[in-house]
file model-v2.csv (CSV, C-alpha atoms)
chain,number,residue,atom,x,y,z
Q,235,MET,CA,73.0,70.2,-23.0
Q,236,ARG,CA,69.5,69.2,-23.9
Q,237,THR,CA,67.9,68.3,-20.6
Q,238,ILE,CA,65.8,69.3,-21.2
Q,239,VAL,CA,58.8,72.5,-21.2
Q,240,ILE,CA,52.8,75.7,-18.7
Q,241,ALA,CA,49.5,76.1,-17.1
Q,242,ALA,CA,46.1,75.1,-18.3
Q,243,GLY,CA,43.7,73.1,-16.2
Q,244,VAL,CA,40.8,70.6,-16.4
Q,245,LEU,CA,37.5,71.6,-14.9
Q,246,VAL,CA,35.7,68.6,-13.4
Q,247,GLY,CA,31.9,68.4,-13.3
Q,248,LEU,CA,30.4,66.3,-10.6
Q,249,LEU,CA,27.0,64.6,-10.9
Q,250,GLY,CA,25.1,63.7,-7.7
Q,251,ALA,CA,22.9,60.6,-7.5
Q,252,GLY,CA,20.1,59.7,-5.1
Q,253,CYS,CA,19.7,56.4,-3.5
Q,254,ALA,CA,16.3,54.8,-4.1
Q,255,GLY,CA,14.2,54.1,-1.0
Q,256,GLY,CA,16.5,56.0,1.4
Q,257,SER,CA,18.5,59.1,2.1
Q,258,SER,CA,20.5,60.5,-0.8
Q,259,ARG,CA,24.2,61.4,-0.7
Q,260,ALA,CA,26.3,62.9,-3.4
Q,261,PRO,CA,29.2,60.7,-4.5
Q,262,ALA,CA,32.7,61.4,-3.2
Q,263,LYS,CA,34.6,63.8,-5.3
Q,264,PRO,CA,37.0,61.9,-7.5
Q,265,ALA,CA,40.7,62.5,-7.1
Q,266,ARG,CA,41.9,64.2,-10.2
Q,267,TYR,CA,44.8,66.4,-11.3
Q,268,GLN,CA,43.5,69.9,-11.9
Q,269,THR,CA,45.5,73.1,-12.6
Q,270,ALA,CA,42.9,75.7,-12.9
Q,271,ALA,CA,40.6,74.6,-10.1
Q,272,PRO,CA,42.8,72.9,-7.4
Q,273,ASP,CA,41.2,71.2,-4.5
Q,274,PRO,CA,42.0,73.3,-1.4
Q,275,LEU,CA,42.8,70.1,0.5
Q,276,ARG,CA,46.4,69.4,-0.2
Q,277,ASP,CA,48.4,66.3,0.8
Q,278,THR,CA,52.0,67.5,0.3
Q,279,ASP,CA,53.5,64.4,1.9
Q,280,LEU,CA,51.7,62.1,-0.6
Q,281,ALA,CA,52.8,64.4,-3.4
Q,282,ARG,CA,56.4,64.1,-2.3
Q,283,ALA,CA,56.1,60.3,-2.1
Q,284,GLU,CA,54.6,60.0,-5.6
Q,285,HIS,CA,57.1,62.5,-7.0
Q,286,ALA,CA,60.0,60.5,-5.6
Q,287,ARG,CA,58.5,57.3,-7.2
Q,288,ALA,CA,58.2,59.2,-10.5
Q,289,VAL,CA,61.8,60.3,-10.4
Q,290,GLY,CA,62.9,56.6,-10.1
Q,291,LEU,CA,60.7,55.7,-13.0
Q,292,MET,CA,62.1,58.5,-15.1
Q,293,ASP,CA,65.6,57.2,-14.3
Q,294,LYS,CA,64.5,53.9,-15.9
Q,295,GLU,CA,63.0,55.8,-18.8
Q,296,ASP,CA,59.5,54.5,-18.0
Q,297,TYR,CA,57.8,57.7,-18.9
Q,298,ASP,CA,54.3,56.4,-19.1
Q,299,ALA,CA,54.4,55.2,-15.5
Q,300,ALA,CA,56.3,58.3,-14.4
Q,301,GLU,CA,53.5,60.4,-15.9
Q,302,ALA,CA,50.9,58.5,-13.9
Q,303,ALA,CA,52.9,58.9,-10.7
Q,304,LEU,CA,53.4,62.7,-11.3
Q,305,LYS,CA,49.7,63.2,-12.0
Q,306,ALA,CA,49.0,61.3,-8.7
Q,307,ALA,CA,51.4,63.7,-7.0
Q,308,LEU,CA,49.6,66.7,-8.4
Q,309,THR,CA,46.2,65.3,-7.5
Q,310,ALA,CA,47.5,65.2,-3.9
Q,311,ASP,CA,48.9,68.7,-4.1
Q,312,VAL,CA,48.5,70.7,-7.3
Q,313,MET,CA,50.8,73.4,-5.9
Q,314,PHE,CA,53.8,71.0,-5.7
Q,315,GLY,CA,56.2,72.7,-8.1
Q,316,PRO,CA,58.8,69.9,-8.6
Q,317,ALA,CA,56.1,67.6,-9.9
Q,318,HIS,CA,55.0,70.1,-12.5
Q,319,ASN,CA,58.7,70.5,-13.6
Q,320,ASN,CA,59.2,66.7,-13.9
Q,321,LEU,CA,55.9,66.2,-15.6
Q,322,GLY,CA,57.1,68.8,-18.2
Q,323,LYS,CA,60.3,66.7,-18.6
Q,324,VAL,CA,58.2,63.6,-19.2
Q,325,TYR,CA,56.1,65.4,-21.9
Q,326,PHE,CA,59.3,66.7,-23.4
Q,327,HIS,CA,60.8,63.2,-23.7
Q,328,LYS,CA,57.5,62.0,-25.2
Q,329,GLY,CA,57.5,64.8,-27.8
Q,330,GLU,CA,54.5,66.6,-26.4
Q,331,LEU,CA,56.0,70.0,-26.4
Q,332,TYR,CA,52.9,72.1,-25.8
Q,333,LEU,CA,52.1,70.1,-22.7
Q,334,ALA,CA,55.8,70.3,-21.6
Q,335,ALA,CA,55.7,74.1,-22.0
Q,336,ARG,CA,52.6,74.3,-19.9
Q,337,GLU,CA,54.1,72.4,-17.0
Q,338,PHE,CA,57.4,74.3,-17.1
Q,339,ASP,CA,55.6,77.6,-17.1
Q,340,TYR,CA,53.5,76.5,-14.1
Q,341,ALA,CA,56.6,75.3,-12.3
Q,342,MET,CA,58.3,78.7,-12.9
Q,343,LYS,CA,55.4,80.4,-11.2
Q,344,LEU,CA,55.5,78.0,-8.2
Q,345,MET,CA,59.3,78.0,-7.9
Q,346,PRO,CA,60.4,81.5,-9.0
Q,347,ASN,CA,63.9,81.2,-7.4
Q,348,GLN,CA,64.7,77.9,-9.1
Q,349,PRO,CA,66.5,78.1,-12.5
Q,350,GLU,CA,65.6,74.6,-13.8
Q,351,PRO,CA,62.0,75.2,-15.0
Q,352,ALA,CA,63.1,78.3,-17.0
Q,353,ASN,CA,66.0,76.3,-18.5
Q,354,ASN,CA,63.6,73.5,-19.4
Q,355,LEU,CA,61.2,76.0,-21.0
Q,356,GLY,CA,64.1,77.3,-23.0
Q,357,MET,CA,64.7,73.8,-24.3
Q,358,VAL,CA,61.1,73.6,-25.5
Q,359,PHE,CA,61.3,77.0,-27.3
Q,360,GLU,CA,64.7,76.1,-28.9
Q,361,THR,CA,63.3,72.8,-30.1
Q,362,ARG,CA,60.4,74.6,-31.7
Q,363,GLY,CA,62.8,77.1,-33.4
Q,364,ARG,CA,61.5,80.0,-31.3
Q,365,LEU,CA,65.0,81.4,-30.6
Q,366,ASP,CA,64.0,84.7,-29.1
Q,367,ASP,CA,61.8,83.0,-26.6
Q,368,ALA,CA,64.5,80.4,-25.9
Q,369,VAL,CA,67.1,83.1,-25.3
Q,370,SER,CA,64.7,84.9,-23.0
Q,371,ALA,CA,64.0,81.7,-20.9
Q,372,TYR,CA,67.6,80.7,-20.7
Q,373,GLY,CA,68.5,84.3,-19.7
Q,374,LYS,CA,66.0,84.1,-16.8
Q,375,ALA,CA,67.6,80.8,-15.7
Q,376,ALA,CA,71.1,82.2,-16.0
Q,377,ALA,CA,70.2,85.2,-13.9
Q,378,LEU,CA,69.2,82.8,-11.1
Q,379,GLU,CA,72.3,80.7,-11.3
Q,380,PRO,CA,75.0,82.6,-13.3
Q,381,ASP,CA,77.8,80.0,-12.6
Q,382,ASN,CA,75.9,77.0,-13.9
Q,383,VAL,CA,77.8,76.1,-17.1
Q,384,GLN,CA,75.0,73.9,-18.4
Q,385,ILE,CA,72.5,76.7,-18.3
Q,386,MET,CA,75.0,79.2,-19.7
Q,387,GLY,CA,76.0,76.8,-22.4
Q,388,ASN,CA,72.3,76.4,-23.5
Q,389,TRP,CA,72.0,80.2,-23.5
Q,390,ALA,CA,75.1,80.5,-25.6
Q,391,ARG,CA,73.9,77.9,-28.1
Q,392,ALA,CA,70.6,79.6,-28.6
Q,393,ARG,CA,72.3,83.0,-29.0
Q,394,VAL,CA,74.7,81.5,-31.5
Q,395,ALA,CA,71.7,80.2,-33.5
Q,396,ARG,CA,70.3,83.7,-33.7
Q,397,VAL,CA,73.7,84.9,-35.0
Q,398,ARG,CA,73.5,82.2,-37.7
Q,399,ARG,CA,70.3,83.8,-39.0
Q,400,GLY,CA,72.0,87.2,-39.3
Q,401,GLU,CA,71.3,88.9,-35.9
Q,402,ARG,CA,74.0,90.7,-34.0
Q,403,ASP,CA,74.9,89.8,-30.4
Q,404,PRO,CA,77.7,92.1,-29.1
Q,405,GLU,CA,77.7,90.4,-25.7
Q,406,LEU,CA,78.0,86.8,-27.0
Q,407,ALA,CA,81.8,86.8,-27.0
Q,408,ALA,CA,81.9,87.8,-23.3
Q,409,LEU,CA,79.5,84.9,-22.5
Q,410,LEU,CA,81.7,82.4,-24.4
Q,411,ASN,CA,84.8,83.7,-22.7
Q,412,LYS,CA,83.1,83.1,-19.3
Q,413,LEU,CA,82.1,79.6,-20.4
Q,414,VAL,CA,85.6,78.7,-21.7
Q,415,ALA,CA,87.0,79.6,-18.3
Q,416,ARG,CA,84.5,77.3,-16.4
Q,417,GLU,CA,83.7,74.5,-18.9
Q,418,THR,CA,84.5,70.9,-17.9
Q,419,ARG,CA,82.8,69.0,-20.8
Q,420,PRO,CA,85.4,68.4,-23.5
Q,421,ASP,CA,83.0,68.5,-26.5
Q,422,TRP,CA,81.4,71.8,-25.3
Q,423,LEU,CA,84.8,73.3,-24.5
Q,424,ASP,CA,86.0,72.6,-28.0
Q,425,TRP,CA,82.8,74.1,-29.5
Q,426,GLU,CA,83.0,77.2,-27.2
Q,427,ARG,CA,86.6,77.9,-28.1
Q,428,ARG,CA,86.0,77.6,-31.8
Q,429,GLU,CA,82.8,79.7,-31.6
Q,430,LEU,CA,84.6,82.3,-29.5
Q,431,LEU,CA,87.3,82.7,-32.2
Q,432,ARG,CA,84.7,82.9,-34.9
Q,433,GLN,CA,82.7,85.5,-33.0
Q,434,GLU,CA,85.7,87.6,-32.4
Q,435,ALA,CA,87.0,87.3,-36.0
Q,436,GLN,CA,83.8,87.2,-38.0
Q,437,PRO,CA,80.7,87.9,-35.9
Q,438,ARG,CA,78.2,87.5,-38.7
Q,439,GLY,CA,79.7,84.3,-40.2
Q,440,ASP,CA,78.3,80.8,-39.9
Q,441,PRO,CA,79.3,79.3,-36.6
Q,442,THR,CA,80.8,75.8,-36.5
Q,443,ARG,CA,78.6,72.9,-35.6
Q,444,ASP,CA,77.4,73.0,-32.0
Q,445,PRO,CA,78.2,70.1,-29.6
Q,446,SER,CA,74.6,68.9,-29.5
Q,447,GLY,CA,74.5,68.2,-33.2
Q,448,GLY,CA,72.7,71.3,-34.4

call {"tool": "encode", "arguments": {"input": "model-v2.csv", "output": "structure tokens"}}
result
Amino acid sequence: MRTIVIAAGVLVGLLGAGCAGGSSRAPAKPARYQTAAPDPLRDTDLARAEHARAVGLMDKEDYDAAEAALKAALTADVMFGPAHNNLGKVYFHKGELYLAAREFDYAMKLMPNQPEPANNLGMVFETRGRLDDAVSAYGKAAALEPDNVQIMGNWARARVARVRRGERDPELAALLNKLVARETRPDWLDWERRELLRQEAQPRGDPTRDPSGG
């Protein structure tokens, strides 16, 4: 599974302007998505509405429009975790991995009991070849939802990749056994069975090709 993201913000400076010949008034603060310095006034209902609109756009693979809608959601409520998570997905699909990782990390902080942001962050690390970080992120997601075969499959894939580079993983066979008992995706089940046999027979050998093409 490759379904695939952290937090940095934008500080906004406001310039006041006087009105000639009359009383002066500072211009209204522009609505803008900020992570580091969120506006304390939050409109969570608007954030939900914009987030729902963004999800529909993501389903249509209109990622530019989805990005705009998600930023509008976060302008309304910068603490709305699902919008950070989906903005990370948008960035991931657009190949902007650093930005994706930022958003997934921020979503993890806002939704500490939800496994998806950690799983998505694992996807970013795995894509960048940072296998230790990927295994750690997938492990956090798996701890929150240990029966989710998609998350567990991602965790196994990253751990197999570490074995490919010569590292040992004594617990990998147990994970693959658990996956074989629960897997419903035919291509993954075939890979897991073959990899389990390889791990049991020759743990330091080169694993067979993984179902995602790696």

call {"tool": "atom_distance", "arguments": {"input": "model-v2.csv", "atom1": "CA of Ala300 (chain Q)", "atom2": "CA of Gly363 (chain Q)"}}
result
27.5 Å

call {"tool": "atom_distance", "arguments": {"input": "model-v2.csv", "atom1": "CA of Asn353 (chain Q)", "atom2": "CA of Leu431 (chain Q)"}}
result
26.1 Å

call {"tool": "closest_residue", "arguments": {"input": "model-v2.csv", "among": "Q:Leu355, Q:Ala288, Q:Ala281, Q:Leu275", "to": "Met342 (chain Q)", "atoms": "all atoms listed in the file"}}
result
Q:Leu355

call {"tool": "residues_around", "arguments": {"input": "model-v2.csv", "residues": "region 311-326 of chain Q", "least_positions_apart": "4", "cutoff": "9 Å", "atoms": "all atoms listed in the file", "output": "VMD selection string"}}
result
chain Q and resid 237 to 240 267 to 269 272 to 282 284 to 285 288 to 289 292 297 to 298 300 to 301 304 to 307 330 to 345 350 to 351 354 to 355 357 to 358

call {"tool": "residues_around", "arguments": {"input": "model-v2.csv", "residues": "Val369 (chain Q)", "least_positions_apart": "5", "cutoff": "10 Å", "atoms": "all atoms listed in the file", "output": "ChimeraX atom specification"}}
result
/Q:353,356-357,359-360,364,374-375,388-396

call {"tool": "atom_distance", "arguments": {"input": "model-v2.csv", "atom1": "CA of Pro346 (chain Q)", "atom2": "CA of Ser370 (chain Q)"}}
result
15.0 Å

call {"tool": "build_atoms", "arguments": {"input": "model-v2.csv", "residues": "region 370-393 of chain Q", "atoms": "N, CA, C and O atoms", "output": "CSV table (one decimal), in the coordinates of the input"}}
result
chain,number,residue,atom,x,y,z
Q,370,SER,N,65.3,84.2,-24.1
Q,370,SER,CA,64.7,84.9,-23.0
Q,370,SER,C,64.6,83.9,-21.8
Q,370,SER,O,64.9,84.3,-20.6
Q,371,ALA,N,64.1,82.7,-22.0
Q,371,ALA,CA,64.0,81.7,-20.9
Q,371,ALA,C,65.3,81.3,-20.4
Q,371,ALA,O,65.5,81.3,-19.1
Q,372,TYR,N,66.3,81.0,-21.2
Q,372,TYR,CA,67.6,80.7,-20.7
Q,372,TYR,C,68.2,81.9,-19.9
Q,372,TYR,O,68.9,81.7,-18.9
Q,373,GLY,N,68.0,83.1,-20.4
Q,373,GLY,CA,68.5,84.3,-19.7
Q,373,GLY,C,67.9,84.4,-18.3
Q,373,GLY,O,68.7,84.7,-17.3
Q,374,LYS,N,66.6,84.0,-18.1
Q,374,LYS,CA,66.0,84.1,-16.8
Q,374,LYS,C,66.7,83.0,-15.9
Q,374,LYS,O,67.0,83.3,-14.7
Q,375,ALA,N,66.9,81.8,-16.5
Q,375,ALA,CA,67.6,80.8,-15.7
Q,375,ALA,C,69.0,81.2,-15.3
Q,375,ALA,O,69.5,81.0,-14.2
Q,376,ALA,N,69.7,81.8,-16.3
Q,376,ALA,CA,71.1,82.2,-16.0
Q,376,ALA,C,71.2,83.3,-15.0
Q,376,ALA,O,72.2,83.3,-14.2
Q,377,ALA,N,70.2,84.1,-14.9
Q,377,ALA,CA,70.2,85.2,-13.9
Q,377,ALA,C,70.1,84.6,-12.5
Q,377,ALA,O,70.6,85.2,-11.5
Q,378,LEU,N,69.4,83.5,-12.4
Q,378,LEU,CA,69.2,82.8,-11.1
Q,378,LEU,C,70.4,82.0,-10.7
Q,378,LEU,O,70.6,81.8,-9.5
Q,379,GLU,N,71.1,81.5,-11.7
Q,379,GLU,CA,72.3,80.7,-11.3
Q,379,GLU,C,73.4,81.0,-12.4
Q,379,GLU,O,73.7,80.2,-13.3
Q,380,PRO,N,74.1,82.1,-12.2
Q,380,PRO,CA,75.0,82.6,-13.3
Q,380,PRO,C,76.3,81.7,-13.4
Q,380,PRO,O,77.0,81.9,-14.4
Q,381,ASP,N,76.6,80.9,-12.5
Q,381,ASP,CA,77.8,80.0,-12.6
Q,381,ASP,C,77.5,78.6,-13.1
Q,381,ASP,O,78.4,77.8,-13.1
Q,382,ASN,N,76.2,78.3,-13.5
Q,382,ASN,CA,75.9,77.0,-13.9
Q,382,ASN,C,76.2,76.9,-15.4
Q,382,ASN,O,75.6,77.5,-16.3
Q,383,VAL,N,77.3,76.1,-15.7
Q,383,VAL,CA,77.8,76.1,-17.1
Q,383,VAL,C,76.8,75.4,-18.0
Q,383,VAL,O,76.8,75.7,-19.2
Q,384,GLN,N,76.0,74.5,-17.5
Q,384,GLN,CA,75.0,73.9,-18.4
Q,384,GLN,C,74.0,74.9,-18.9
Q,384,GLN,O,73.6,74.9,-20.1
Q,385,ILE,N,73.5,75.7,-18.0
Q,385,ILE,CA,72.5,76.7,-18.3
Q,385,ILE,C,73.1,77.7,-19.2
Q,385,ILE,O,72.6,78.1,-20.3
Q,386,MET,N,74.3,78.2,-18.9
Q,386,MET,CA,75.0,79.2,-19.7
Q,386,MET,C,75.4,78.6,-21.0
Q,386,MET,O,75.3,79.4,-22.0
Q,387,GLY,N,75.7,77.3,-21.1
Q,387,GLY,CA,76.0,76.8,-22.4
Q,387,GLY,C,74.7,76.7,-23.3
Q,387,GLY,O,74.8,77.0,-24.5
Q,388,ASN,N,73.6,76.4,-22.7
Q,388,ASN,CA,72.3,76.4,-23.5
Q,388,ASN,C,72.0,77.8,-24.0
Q,388,ASN,O,71.6,78.0,-25.1
Q,389,TRP,N,72.2,78.8,-23.1
Q,389,TRP,CA,72.0,80.2,-23.5
Q,389,TRP,C,72.9,80.6,-24.6
Q,389,TRP,O,72.4,81.3,-25.6
Q,390,ALA,N,74.2,80.2,-24.6
Q,390,ALA,CA,75.1,80.5,-25.6
Q,390,ALA,C,74.7,79.9,-26.9
Q,390,ALA,O,74.7,80.5,-28.0
Q,391,ARG,N,74.3,78.6,-26.9
Q,391,ARG,CA,73.9,77.9,-28.1
Q,391,ARG,C,72.7,78.6,-28.8
Q,391,ARG,O,72.7,78.7,-30.0
Q,392,ALA,N,71.7,79.0,-28.0
Q,392,ALA,CA,70.6,79.6,-28.6
Q,392,ALA,C,71.0,81.0,-29.2
Q,392,ALA,O,70.5,81.4,-30.3
Q,393,ARG,N,71.9,81.7,-28.5
Q,393,ARG,CA,72.3,83.0,-29.0
Q,393,ARG,C,73.1,82.8,-30.3
Q,393,ARG,O,73.0,83.6,-31.2
